[in-house]
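Text of the file coords-v8.cif, holding mmCIF, C-alpha atoms:
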data_upload
#
loop_
_atom_site.label_atom_id
_atom_site.label_comp_id
_atom_site.auth_asym_id
_atom_site.auth_seq_id
_atom_site.Cartn_x
_atom_site.Cartn_y
_atom_site.Cartn_z
CA MET A 836 -75.61 11.86 -73.67
CA LYS A 837 -71.95 12.61 -73.38
CA LYS A 838 -69.64 9.68 -72.85
CA ARG A 839 -67.18 10.88 -70.27
CA ARG A 840 -65.82 7.53 -69.25
CA SER A 841 -62.07 7.76 -69.23
CA LEU A 842 -59.59 5.44 -70.88
CA GLU A 843 -56.49 4.23 -69.09
CA LEU A 844 -53.56 3.35 -71.32
CA LYS A 845 -50.37 1.57 -70.46
CA PRO A 846 -47.39 2.07 -72.80
CA ILE A 847 -46.21 -0.82 -74.97
CA GLY A 848 -42.70 0.55 -75.31
CA ILE A 849 -40.40 3.51 -75.09
CA ILE A 850 -38.59 5.73 -77.57
CA ARG A 851 -34.82 6.03 -77.39
CA SER A 852 -34.04 9.19 -79.29
CA PRO A 853 -31.00 11.34 -80.02
CA TYR A 854 -33.11 14.25 -78.69
CA LYS A 855 -32.72 14.29 -74.93
CA ASP A 856 -34.93 17.31 -74.42
CA LYS A 857 -37.54 19.40 -76.22
CA ASP A 858 -34.99 22.12 -76.99
CA GLN A 859 -32.92 19.63 -78.97
CA VAL A 860 -35.72 18.68 -81.36
CA PRO A 861 -35.28 20.68 -84.57
CA ASN A 862 -38.32 22.51 -85.95
CA GLN A 863 -38.43 20.07 -88.82
CA GLY A 864 -37.42 17.03 -86.85
CA TYR A 865 -39.70 14.82 -88.90
CA ARG A 866 -37.35 15.41 -91.84
CA SER A 867 -34.30 14.43 -89.87
CA LYS A 868 -32.18 11.53 -91.01
CA LYS A 869 -31.32 10.66 -87.42
CA ILE A 870 -32.23 7.20 -86.20
CA ALA A 871 -34.45 6.70 -83.19
CA ARG A 872 -35.10 3.34 -81.55
CA ILE A 873 -38.48 2.14 -80.43
CA GLU A 874 -37.97 -0.42 -77.69
CA VAL A 875 -41.14 -2.45 -77.54
CA PHE A 876 -41.44 -4.17 -74.18
CA LYS A 877 -40.52 -7.85 -74.44
CA GLU A 878 -44.00 -9.02 -73.53
CA PHE A 879 -45.32 -7.41 -76.76
CA GLU A 880 -42.54 -8.56 -79.11
CA GLU A 881 -44.67 -11.27 -80.71
CA GLY A 882 -46.98 -8.50 -81.97
CA LEU A 883 -44.19 -7.17 -84.20
CA GLN A 884 -44.12 -10.24 -86.42
CA ASP A 885 -44.05 -9.24 -90.14
CA ILE A 886 -43.87 -5.53 -89.39
CA GLU A 887 -40.46 -5.44 -91.07
CA GLY A 888 -42.22 -5.82 -94.43
CA PHE A 889 -43.66 -2.34 -94.09
CA SER A 890 -41.52 0.62 -95.11
CA HIS A 891 -43.40 3.01 -92.82
CA ILE A 892 -45.24 2.78 -89.53
CA VAL A 893 -47.63 5.01 -87.64
CA VAL A 894 -46.39 5.58 -84.11
CA ILE A 895 -48.79 6.90 -81.48
CA TYR A 896 -47.09 8.12 -78.35
CA TRP A 897 -47.69 10.04 -75.17
CA PHE A 898 -46.46 13.63 -74.97
CA HIS A 899 -45.42 12.81 -71.42
CA ARG A 900 -43.87 16.22 -70.76
CA SER A 901 -47.05 18.04 -71.77
CA ARG A 902 -48.77 19.84 -68.90
CA GLY A 903 -52.10 21.53 -69.59
CA TYR A 904 -53.24 23.20 -72.80
CA HIS A 905 -54.88 26.26 -74.30
CA LEU A 906 -57.67 25.97 -76.87
CA SER A 907 -56.25 28.88 -78.86
CA VAL A 908 -52.53 28.68 -79.60
CA LYS A 909 -49.77 30.52 -81.38
CA THR A 910 -47.33 28.40 -83.34
CA PRO A 911 -43.87 29.17 -84.72
CA TRP A 912 -45.46 29.36 -88.18
CA ASP A 913 -47.88 32.21 -87.78
CA ASP A 914 -48.43 35.36 -85.73
CA ILE A 915 -52.14 34.68 -85.48
CA PRO A 916 -53.47 32.19 -82.92
CA HIS A 917 -55.39 29.17 -84.21
CA GLY A 918 -57.66 26.60 -82.64
CA LEU A 919 -55.65 23.90 -80.90
CA PHE A 920 -57.18 21.12 -83.04
CA ALA A 921 -56.05 22.98 -86.17
CA THR A 922 -52.44 22.68 -84.94
CA ARG A 923 -50.08 19.85 -84.02
CA SER A 924 -49.15 21.38 -80.67
CA PRO A 925 -48.13 18.76 -78.06
CA HIS A 926 -50.24 20.50 -75.42
CA ARG A 927 -53.66 18.89 -75.91
CA PRO A 928 -56.53 17.59 -73.76
CA CYS A 929 -55.43 14.08 -74.77
CA PRO A 930 -51.65 14.49 -75.16
CA LEU A 931 -51.28 12.00 -78.01
CA GLY A 932 -48.47 12.37 -80.52
CA LEU A 933 -48.60 10.87 -83.98
CA THR A 934 -45.75 10.36 -86.40
CA VAL A 935 -45.46 8.43 -89.63
CA ALA A 936 -41.90 7.13 -89.47
CA GLN A 937 -39.72 5.20 -91.87
CA LEU A 938 -38.97 1.73 -90.57
CA VAL A 939 -35.29 1.17 -91.22
CA ALA A 940 -34.78 -2.13 -89.43
CA ARG A 941 -36.19 -4.45 -86.83
CA GLU A 942 -33.96 -6.19 -84.34
CA GLY A 943 -36.11 -8.38 -82.14
CA ASN A 944 -38.17 -6.07 -79.98
CA VAL A 945 -36.42 -2.95 -81.27
CA LEU A 946 -37.53 -0.91 -84.28
CA LYS A 947 -35.04 1.50 -85.81
CA VAL A 948 -36.85 4.40 -87.43
CA LYS A 949 -36.21 7.68 -89.22
CA GLY A 950 -38.32 10.81 -88.92
CA LEU A 951 -39.54 10.30 -85.36
CA ASP A 952 -39.03 13.62 -83.61
CA ALA A 953 -40.12 12.60 -80.12
CA ILE A 954 -37.75 13.08 -77.20
CA ASP A 955 -35.85 10.34 -75.42
CA GLY A 956 -37.97 8.41 -72.96
CA THR A 957 -41.30 9.07 -74.70
CA PRO A 958 -43.77 6.26 -73.93
CA VAL A 959 -45.17 4.49 -77.01
CA LEU A 960 -48.86 3.59 -76.96
CA ASP A 961 -49.45 1.97 -80.32
CA ILE A 962 -47.76 1.03 -83.58
CA LYS A 963 -49.70 0.47 -86.79
CA PRO A 964 -48.61 -0.33 -90.33
CA TYR A 965 -48.80 2.70 -92.63
CA ILE A 966 -51.01 1.80 -95.58
CA SER A 967 -51.09 4.22 -98.52
CA SER A 968 -54.59 3.45 -99.66
CA ILE A 969 -55.97 4.12 -96.17
CA ASP A 970 -53.68 6.82 -94.84
CA GLU A 971 -52.89 8.89 -97.90
CA GLN A 972 -55.20 11.51 -99.31
CA SER A 973 -55.37 13.47 -102.54
CA ALA A 974 -56.42 17.06 -103.17
CA VAL A 975 -55.27 18.04 -99.71
CA LYS A 976 -55.76 21.63 -98.52
CA SER A 977 -53.81 22.80 -95.51
CA GLY A 978 -55.81 25.78 -94.28
CA TRP A 979 -53.82 28.39 -92.38
CA LEU A 980 -50.64 26.37 -93.01
CA GLU A 981 -50.99 26.70 -96.79
CA GLY A 982 -48.08 28.66 -98.19
CA LYS A 983 -46.17 27.94 -95.02
CA LEU A 984 -45.63 24.33 -96.06
CA GLY A 985 -42.07 23.23 -95.79
CA LYS A 986 -41.84 25.33 -92.67
CA GLU A 987 -44.52 23.70 -90.58
CA ARG A 988 -43.83 21.74 -87.46
CA SER A 989 -45.47 18.57 -86.27
CA MET B 365 -35.98 1.17 -66.84
CA LYS B 366 -39.41 0.64 -68.23
CA LYS B 367 -41.87 3.48 -67.93
CA ARG B 368 -45.10 1.83 -66.93
CA ARG B 369 -46.91 4.91 -65.72
CA SER B 370 -50.35 4.87 -67.21
CA LEU B 371 -52.12 7.67 -69.06
CA GLU B 372 -55.71 8.53 -68.37
CA LEU B 373 -57.59 10.09 -71.25
CA LYS B 374 -60.97 11.78 -71.29
CA PRO B 375 -62.77 12.02 -74.64
CA ILE B 376 -63.16 15.43 -76.29
CA GLY B 377 -66.19 14.39 -78.31
CA ILE B 378 -68.24 11.58 -79.76
CA ILE B 379 -68.83 10.14 -83.24
CA ARG B 380 -72.35 10.01 -84.63
CA SER B 381 -72.15 7.47 -87.39
CA PRO B 382 -74.55 5.74 -89.76
CA TYR B 383 -72.98 2.49 -88.51
CA LYS B 384 -74.79 1.51 -85.33
CA ASP B 385 -72.80 -1.64 -84.78
CA LYS B 386 -69.59 -3.35 -85.86
CA ASP B 387 -71.50 -5.64 -88.22
CA GLN B 388 -72.75 -2.64 -90.19
CA VAL B 389 -69.30 -1.27 -90.97
CA PRO B 390 -68.33 -2.38 -94.48
CA ASN B 391 -64.91 -3.95 -94.96
CA GLN B 392 -63.80 -0.89 -96.85
CA GLY B 393 -65.65 1.63 -94.72
CA TYR B 394 -62.88 4.17 -95.10
CA ARG B 395 -63.86 4.45 -98.77
CA SER B 396 -67.49 5.04 -97.96
CA LYS B 397 -69.17 8.24 -99.09
CA LYS B 398 -71.40 8.22 -96.02
CA ILE B 399 -71.23 11.23 -93.74
CA ALA B 400 -70.40 10.84 -90.06
CA ARG B 401 -70.61 13.64 -87.52
CA ILE B 402 -68.00 14.34 -84.90
CA GLU B 403 -69.67 16.15 -82.02
CA VAL B 404 -66.92 17.90 -80.14
CA PHE B 405 -68.04 18.72 -76.61
CA LYS B 406 -68.97 22.39 -76.28
CA GLU B 407 -66.18 23.10 -73.82
CA PHE B 408 -63.63 22.29 -76.56
CA GLU B 409 -65.34 24.13 -79.45
CA GLU B 410 -62.90 27.05 -79.37
CA GLY B 411 -60.14 24.58 -80.25
CA LEU B 412 -61.77 23.98 -83.67
CA GLN B 413 -61.13 27.52 -84.90
CA ASP B 414 -59.69 27.49 -88.46
CA ILE B 415 -59.95 23.72 -88.80
CA GLU B 416 -62.43 24.23 -91.65
CA GLY B 417 -59.51 25.37 -93.83
CA PHE B 418 -58.14 21.84 -93.84
CA SER B 419 -59.55 19.35 -96.32
CA HIS B 420 -58.61 16.36 -94.18
CA ILE B 421 -58.20 15.66 -90.49
CA VAL B 422 -56.63 12.91 -88.43
CA VAL B 423 -59.11 11.52 -85.95
CA ILE B 424 -57.85 9.47 -83.02
CA TYR B 425 -60.57 7.58 -81.21
CA TRP B 426 -61.15 4.91 -78.64
CA PHE B 427 -62.18 1.45 -79.85
CA HIS B 428 -64.56 1.39 -76.90
CA ARG B 429 -66.06 -1.99 -77.79
CA SER B 430 -62.66 -3.64 -77.90
CA ARG B 431 -62.07 -6.19 -75.15
CA GLY B 432 -58.67 -7.80 -74.88
CA TYR B 433 -56.29 -8.70 -77.68
CA HIS B 434 -54.03 -11.36 -79.14
CA LEU B 435 -50.49 -10.58 -80.27
CA SER B 436 -50.87 -12.82 -83.31
CA VAL B 437 -54.02 -12.25 -85.37
CA LYS B 438 -55.76 -13.43 -88.49
CA THR B 439 -57.35 -10.75 -90.64
CA PRO B 440 -59.96 -10.98 -93.41
CA TRP B 441 -57.14 -10.37 -95.93
CA ASP B 442 -54.93 -13.33 -95.32
CA ASP B 443 -55.04 -16.93 -94.10
CA ILE B 444 -51.78 -16.53 -92.25
CA PRO B 445 -51.67 -14.86 -88.84
CA HIS B 446 -49.57 -11.71 -88.47
CA GLY B 447 -48.23 -9.73 -85.55
CA LEU B 448 -50.90 -7.45 -84.11
CA PHE B 449 -48.80 -4.32 -84.71
CA ALA B 450 -48.52 -5.27 -88.40
CA THR B 451 -52.33 -5.10 -88.64
CA ARG B 452 -55.01 -2.47 -88.05
CA SER B 453 -57.08 -4.73 -85.80
CA PRO B 454 -59.17 -2.82 -83.23
CA HIS B 455 -58.17 -5.27 -80.51
CA ARG B 456 -54.92 -3.79 -79.21
CA PRO B 457 -53.19 -3.22 -75.85
CA CYS B 458 -53.99 0.49 -76.29
CA PRO B 459 -57.29 0.37 -78.21
CA LEU B 460 -56.64 3.53 -80.26
CA GLY B 461 -58.25 3.95 -83.66
CA LEU B 462 -56.86 6.27 -86.29
CA THR B 463 -58.56 7.52 -89.43
CA VAL B 464 -57.68 10.23 -91.92
CA ALA B 465 -61.09 11.62 -92.83
CA GLN B 466 -62.25 14.19 -95.34
CA LEU B 467 -63.61 17.27 -93.58
CA VAL B 468 -66.79 18.14 -95.46
CA ALA B 469 -68.12 20.93 -93.25
CA ARG B 470 -67.95 22.43 -89.79
CA GLU B 471 -71.07 23.61 -88.03
CA GLY B 472 -70.07 25.06 -84.68
CA ASN B 473 -68.89 22.19 -82.54
CA VAL B 474 -69.83 19.57 -85.16
CA LEU B 475 -67.53 18.30 -87.91
CA LYS B 476 -69.09 16.49 -90.85
CA VAL B 477 -66.65 14.00 -92.30
CA LYS B 478 -66.37 11.33 -94.97
CA GLY B 479 -64.39 8.11 -94.66
CA LEU B 480 -64.68 7.65 -90.91
CA ASP B 481 -65.66 4.02 -90.40
CA ALA B 482 -66.08 4.07 -86.61
CA ILE B 483 -69.36 2.99 -85.08
CA ASP B 484 -71.94 5.30 -83.55
CA GLY B 485 -71.04 6.44 -80.04
CA THR B 486 -67.29 6.06 -80.46
CA PRO B 487 -65.44 8.45 -78.11
CA VAL B 488 -63.06 10.86 -79.85
CA LEU B 489 -59.73 11.51 -78.15
CA ASP B 490 -57.97 13.90 -80.50
CA ILE B 491 -58.31 15.72 -83.80
CA LYS B 492 -55.29 16.97 -85.73
CA PRO B 493 -54.96 18.69 -89.09
CA TYR B 494 -53.73 16.34 -91.83
CA ILE B 495 -50.59 17.85 -93.35
CA SER B 496 -49.25 16.23 -96.53
CA SER B 497 -45.63 17.10 -95.98
CA ILE B 498 -45.68 15.50 -92.53
CA ASP B 499 -48.16 12.67 -92.91
CA GLU B 500 -47.58 11.46 -96.45
CA GLN B 501 -44.78 9.17 -97.46
CA SER B 502 -43.25 8.09 -100.74
CA ALA B 503 -41.86 4.72 -101.81
CA VAL B 504 -44.21 2.96 -99.46
CA LYS B 505 -44.04 -0.83 -99.10
CA SER B 506 -46.94 -2.63 -97.50
CA GLY B 507 -45.44 -5.90 -96.35
CA TRP B 508 -47.87 -8.79 -96.13
CA LEU B 509 -50.65 -6.54 -97.43
CA GLU B 510 -48.84 -5.94 -100.72
CA GLY B 511 -50.88 -7.32 -103.58
CA LYS B 512 -53.92 -7.30 -101.34
CA LEU B 513 -54.18 -3.53 -101.59
CA GLY B 514 -57.60 -2.32 -102.44
CA LYS B 515 -58.94 -5.12 -100.30
CA GLU B 516 -57.36 -4.23 -96.99
CA ARG B 517 -59.30 -3.07 -93.98
CA SER B 518 -58.37 -0.37 -91.50
#

Structure re-expressed in structure tokens:
Amino acid sequence: MKKRRSLELKPIGIIRSPYKDKDQVPNQGYRSKKIARIEVFKEFEEGLQDIEGFSHIVVIYWFHRSRGYHLSVKTPWDDIPHGLFATRSPHRPCPLGLTVAQLVAREGNVLKVKGLDAIDGTPVLDIKPYISSIDEQSAVKSGWLEGKLGKERS
Amino acid sequence: MKKRRSLELKPIGIIRSPYKDKDQVPNQGYRSKKIARIEVFKEFEEGLQDIEGFSHIVVIYWFHRSRGYHLSVKTPWDDIPHGLFATRSPHRPCPLGLTVAQLVAREGNVLKVKGLDAIDGTPVLDIKPYISSIDEQSAVKSGWLEGKLGKERS
């Protein structure tokens, strides 16, 4: 039995970014020192309590400019196409973006973060604390990206 | 202006897990050596090409048993309530689960993974390659969970 029920998600906030458009996001935007702001809608502000104790957060957002997808894709890092789920392309069946960002400061309902390479106006779906013992792995192999590390793009 | 457009997501697959119900998931399920299977629907199989080269994958899934949420929550790890977004509670405005799992094997449209503590029948929304240089962080501080590490729950 295949579960094909669909899930409807309403954003909890919005990203205010120095990148106004896709073309402005550098290939290694996740290494950028630029500050982005996550404006969590006021009605969810209470849910941010104690988040400022975490140095990093996982931000899940909606690639809202994404339209359609291909299951086999070429990336800037390789001449050979790869399966979509072996890439971080924004064009996916479920257009969900994921970034681990450094939490620089919290000001009420606003989180100031580094390393978030989403464009301005991106809807935020969820924020989770980044926890090393859960989220970090050892002995990691990076498949077709191996040897291209340092050049890869989220 | 608040963007309140909603996003409708259709699962790309389903998790077949040894945990049939929430009560069966151990508190540190992400450390479990048990194997779960991610059955990606056949129509998306082509998108898995080359994923077997990666030792770890990021799995985003739908907490499909989650009903409602509170913005301030108590967890098993602390007597004090914390903001929902400073916890990994499954009861969230957007009930999205996130696990970094070890990819043990791929057999066609099926991925065998370790460390995925979702229950049987959980709908999968996205699969991404885990890439150390993007997803790993240094100098991580874990806020209210500090000192409770090794006991925390995803």

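What separates CA of Gly485 (chain B) from CA of Ile379 (chain B) is a distance of 5.4 Å.
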
| field | Residue neighbourhood Ser436 (chain B), 9 Å, all atoms listed in the file, exclusion window fewer than 6 positions, as a PyMOL selection string | value | (chain A and resi 881-884) or (chain B and resi 445-449)

Atom pair CA of His455 (chain B) + CA of Val959 (chain A), distance 16.6 Å

field: From B:Gly377, B:Gly432, B:Pro382, B:Gly507, residue lying nearest chain A [all atoms listed in the file]
entry: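 Among the listed residues, the smallest separation from chain A belongs to B:Gly507.
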
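As for CA of Cys929 (chain A) and CA of Pro846 (chain A), they are spaced 14.6 Å apart.
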
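With only C-alpha atoms taken into account, the protein and nucleic acid residues at most 7 Å from Gln937 (chain A) (excluding it and anything under 5 positions from it in its own chain) are Ser890, His891, Ile892, Val948, Lys949 and Gly950 of chain A.
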
Please identify all polymer residues lying at most 9 Å from the point (-73.9, 6.5, -87.1) (file coordinates), using all atoms listed in the file, and present the result as a compact mmCIF listing (two decimals) with C-alpha atoms, in the coordinates of the input.
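Saved result, part-v4.txt, follows:
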# COMPACT_ATOMS: atom_id res chain seq x y z
CA ILE B 379 -68.83 10.14 -83.24
CA ARG B 380 -72.35 10.01 -84.63
CA SER B 381 -72.15 7.47 -87.39
CA PRO B 382 -74.55 5.74 -89.76
CA TYR B 383 -72.98 2.49 -88.51
CA LYS B 384 -74.79 1.51 -85.33
CA ASP B 385 -72.80 -1.64 -84.78
CA ILE B 399 -71.23 11.23 -93.74
CA ALA B 400 -70.40 10.84 -90.06
CA ARG B 401 -70.61 13.64 -87.52
CA ALA B 482 -66.08 4.07 -86.61
CA ILE B 483 -69.36 2.99 -85.08
CA ASP B 484 -71.94 5.30 -83.55
CA GLY B 485 -71.04 6.44 -80.04

**Request:** Return as a PyMOL selection string the set of residues that the PyMOL selection byres ((chain A and resi 962) around 6) yields on the displayed structure.
**Result:** (chain A and resi 893-894+961+963) or (chain B and resi 449)

*asked:* Using all atoms listed in the file for the distances, tell me which of A:Leu906, A:Ala974, A:Leu951, A:Ile847 is nearest to chain B.
replied: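 When distances to chain B are compared using all atoms listed in the file, the smallest one comes from A:Leu906.
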
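Each of A:Val939, A:Leu980, A:Leu931, A:Val945 was checked against Leu373 (chain B) using all atoms listed in the file; the smallest atom-to-atom distance is that of A:Leu931.
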
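Among the candidates B:Glu407, B:Glu471, B:Asp387, B:Glu372, the one nearest to chain A when counting all atoms listed in the file is B:Glu372.
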
Evaluating the PyMOL selection byres ((chain B and resi 500) around 9) on the displayed file yields which residues, as a list of chain:residue names? A:Val935, A:Ser967, A:Asp970, A:Glu971, A:Gln972, B:Ile495, B:Ser496, B:Ser497, B:Ile498, B:Asp499, B:Gln501, B:Ser502

Using all atoms listed in the file, can you tell me which of A:Pro861, A:Gly888, A:Gly943, A:Pro928 comes closest to chain B?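 With all atoms listed in the file as the atom set, the closest residue is A:Gly888.
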
My list of candidates is A:Asp885, A:Thr934, A:Arg839, A:Ala940. Which is closest to Val437 (chain B) when distances are computed with only C-alpha atoms?
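For Val437 (chain B), the nearest of the candidates is A:Asp885.
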
### Query
Which residues come within 10 Å of Trp979 (chain A), counting only C-alpha atoms, excluding same-chain residues fewer than 5 positions away, as a PyMOL selection string?
(chain A and resi 912-913+915+917+921-922+984) or (chain B and resi 414-418)

Box for region 872-876 of chain A - axis-aligned, 8 Å on each of the six sides, all listed atoms - centre and size in Å to one decimal, as JSON.
{"center_x": -38.3, "center_y": -0.4, "center_z": -77.9, "size_x": 22.3, "size_y": 23.5, "size_z": 23.4}

*Sphere at (-60.8, -1.9, -78.0), radius 6 Å, counting all atoms listed in the file: residues as a list in words*: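 Checked against the point, the hits come out as Phe427, His428, Arg429, Ser430, Arg431, Pro454, His455 and Pro459 of chain B.
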
Kindly reconstruct region 420-429 of chain B with all heavy atoms and present the result as a short mmCIF file (atom, residue, chain, number, x, y, z; two decimals), keeping the file's coordinate frame.
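Saved to part-v3.cif:
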data_model
loop_
_atom_site.label_atom_id
_atom_site.label_comp_id
_atom_site.auth_asym_id
_atom_site.auth_seq_id
_atom_site.Cartn_x
_atom_site.Cartn_y
_atom_site.Cartn_z
N HIS B 420 -58.65 17.66 -94.84
CA HIS B 420 -58.61 16.36 -94.18
C HIS B 420 -58.13 16.52 -92.73
O HIS B 420 -57.33 17.40 -92.44
CB HIS B 420 -57.67 15.40 -94.91
CG HIS B 420 -58.13 15.05 -96.30
ND1 HIS B 420 -57.97 15.91 -97.36
CD2 HIS B 420 -58.77 13.96 -96.79
CE1 HIS B 420 -58.49 15.35 -98.45
NE2 HIS B 420 -58.97 14.17 -98.14
N ILE B 421 -58.63 15.65 -91.89
CA ILE B 421 -58.20 15.66 -90.49
C ILE B 421 -57.84 14.25 -90.04
O ILE B 421 -58.33 13.26 -90.60
CB ILE B 421 -59.30 16.22 -89.55
CG1 ILE B 421 -60.62 15.46 -89.72
CG2 ILE B 421 -59.51 17.71 -89.79
CD1 ILE B 421 -61.72 15.87 -88.75
N VAL B 422 -56.96 14.19 -89.06
CA VAL B 422 -56.63 12.91 -88.43
C VAL B 422 -57.48 12.80 -87.18
O VAL B 422 -57.45 13.68 -86.33
CB VAL B 422 -55.13 12.87 -88.04
CG1 VAL B 422 -54.79 11.54 -87.39
CG2 VAL B 422 -54.24 13.12 -89.26
N VAL B 423 -58.25 11.73 -87.10
CA VAL B 423 -59.11 11.52 -85.95
C VAL B 423 -58.57 10.33 -85.16
O VAL B 423 -58.38 9.24 -85.71
CB VAL B 423 -60.57 11.24 -86.38
CG1 VAL B 423 -61.47 11.14 -85.15
CG2 VAL B 423 -61.07 12.32 -87.33
N ILE B 424 -58.28 10.56 -83.88
CA ILE B 424 -57.85 9.47 -83.02
C ILE B 424 -58.99 9.17 -82.05
O ILE B 424 -59.51 10.07 -81.40
CB ILE B 424 -56.57 9.82 -82.24
CG1 ILE B 424 -55.43 10.16 -83.22
CG2 ILE B 424 -56.14 8.65 -81.34
CD1 ILE B 424 -54.12 10.55 -82.53
N TYR B 425 -59.41 7.93 -82.03
CA TYR B 425 -60.57 7.58 -81.21
C TYR B 425 -60.31 6.31 -80.42
O TYR B 425 -59.29 5.63 -80.60
CB TYR B 425 -61.84 7.47 -82.07
CG TYR B 425 -61.69 6.65 -83.33
CD1 TYR B 425 -62.01 5.30 -83.34
CD2 TYR B 425 -61.23 7.23 -84.51
CE1 TYR B 425 -61.88 4.54 -84.49
CE2 TYR B 425 -61.08 6.47 -85.66
CZ TYR B 425 -61.41 5.13 -85.65
OH TYR B 425 -61.24 4.38 -86.78
N TRP B 426 -61.24 6.04 -79.58
CA TRP B 426 -61.15 4.91 -78.64
C TRP B 426 -62.02 3.78 -79.18
O TRP B 426 -63.23 3.96 -79.32
CB TRP B 426 -61.65 5.41 -77.29
CG TRP B 426 -61.80 4.39 -76.19
CD1 TRP B 426 -61.46 3.09 -76.19
CD2 TRP B 426 -62.36 4.66 -74.90
NE1 TRP B 426 -61.75 2.51 -74.98
CE2 TRP B 426 -62.31 3.46 -74.16
CE3 TRP B 426 -62.89 5.79 -74.28
CZ2 TRP B 426 -62.79 3.36 -72.86
CZ3 TRP B 426 -63.35 5.69 -72.98
CH2 TRP B 426 -63.30 4.49 -72.28
N PHE B 427 -61.41 2.65 -79.48
CA PHE B 427 -62.18 1.45 -79.85
C PHE B 427 -62.88 0.96 -78.58
O PHE B 427 -62.41 0.01 -77.93
CB PHE B 427 -61.27 0.35 -80.39
CG PHE B 427 -60.75 0.57 -81.78
CD1 PHE B 427 -59.38 0.57 -82.04
CD2 PHE B 427 -61.61 0.72 -82.86
CE1 PHE B 427 -58.89 0.73 -83.33
CE2 PHE B 427 -61.12 0.89 -84.16
CZ PHE B 427 -59.77 0.90 -84.38
N HIS B 428 -63.97 1.59 -78.23
CA HIS B 428 -64.56 1.39 -76.90
C HIS B 428 -65.26 0.04 -76.75
O HIS B 428 -65.59 -0.36 -75.64
CB HIS B 428 -65.52 2.53 -76.55
CG HIS B 428 -66.72 2.63 -77.45
ND1 HIS B 428 -66.60 2.74 -78.81
CD2 HIS B 428 -68.04 2.65 -77.17
CE1 HIS B 428 -67.81 2.81 -79.33
NE2 HIS B 428 -68.70 2.76 -78.37
N ARG B 429 -65.46 -0.65 -77.89
CA ARG B 429 -66.06 -1.99 -77.79
C ARG B 429 -65.00 -3.08 -77.74
O ARG B 429 -65.31 -4.26 -77.62
CB ARG B 429 -66.95 -2.25 -79.01
CG ARG B 429 -68.12 -1.30 -79.15
CD ARG B 429 -69.28 -1.73 -78.27
NE ARG B 429 -70.44 -0.90 -78.52
CZ ARG B 429 -71.35 -1.15 -79.46
NH1 ARG B 429 -71.24 -2.22 -80.23
NH2 ARG B 429 -72.37 -0.33 -79.63
#
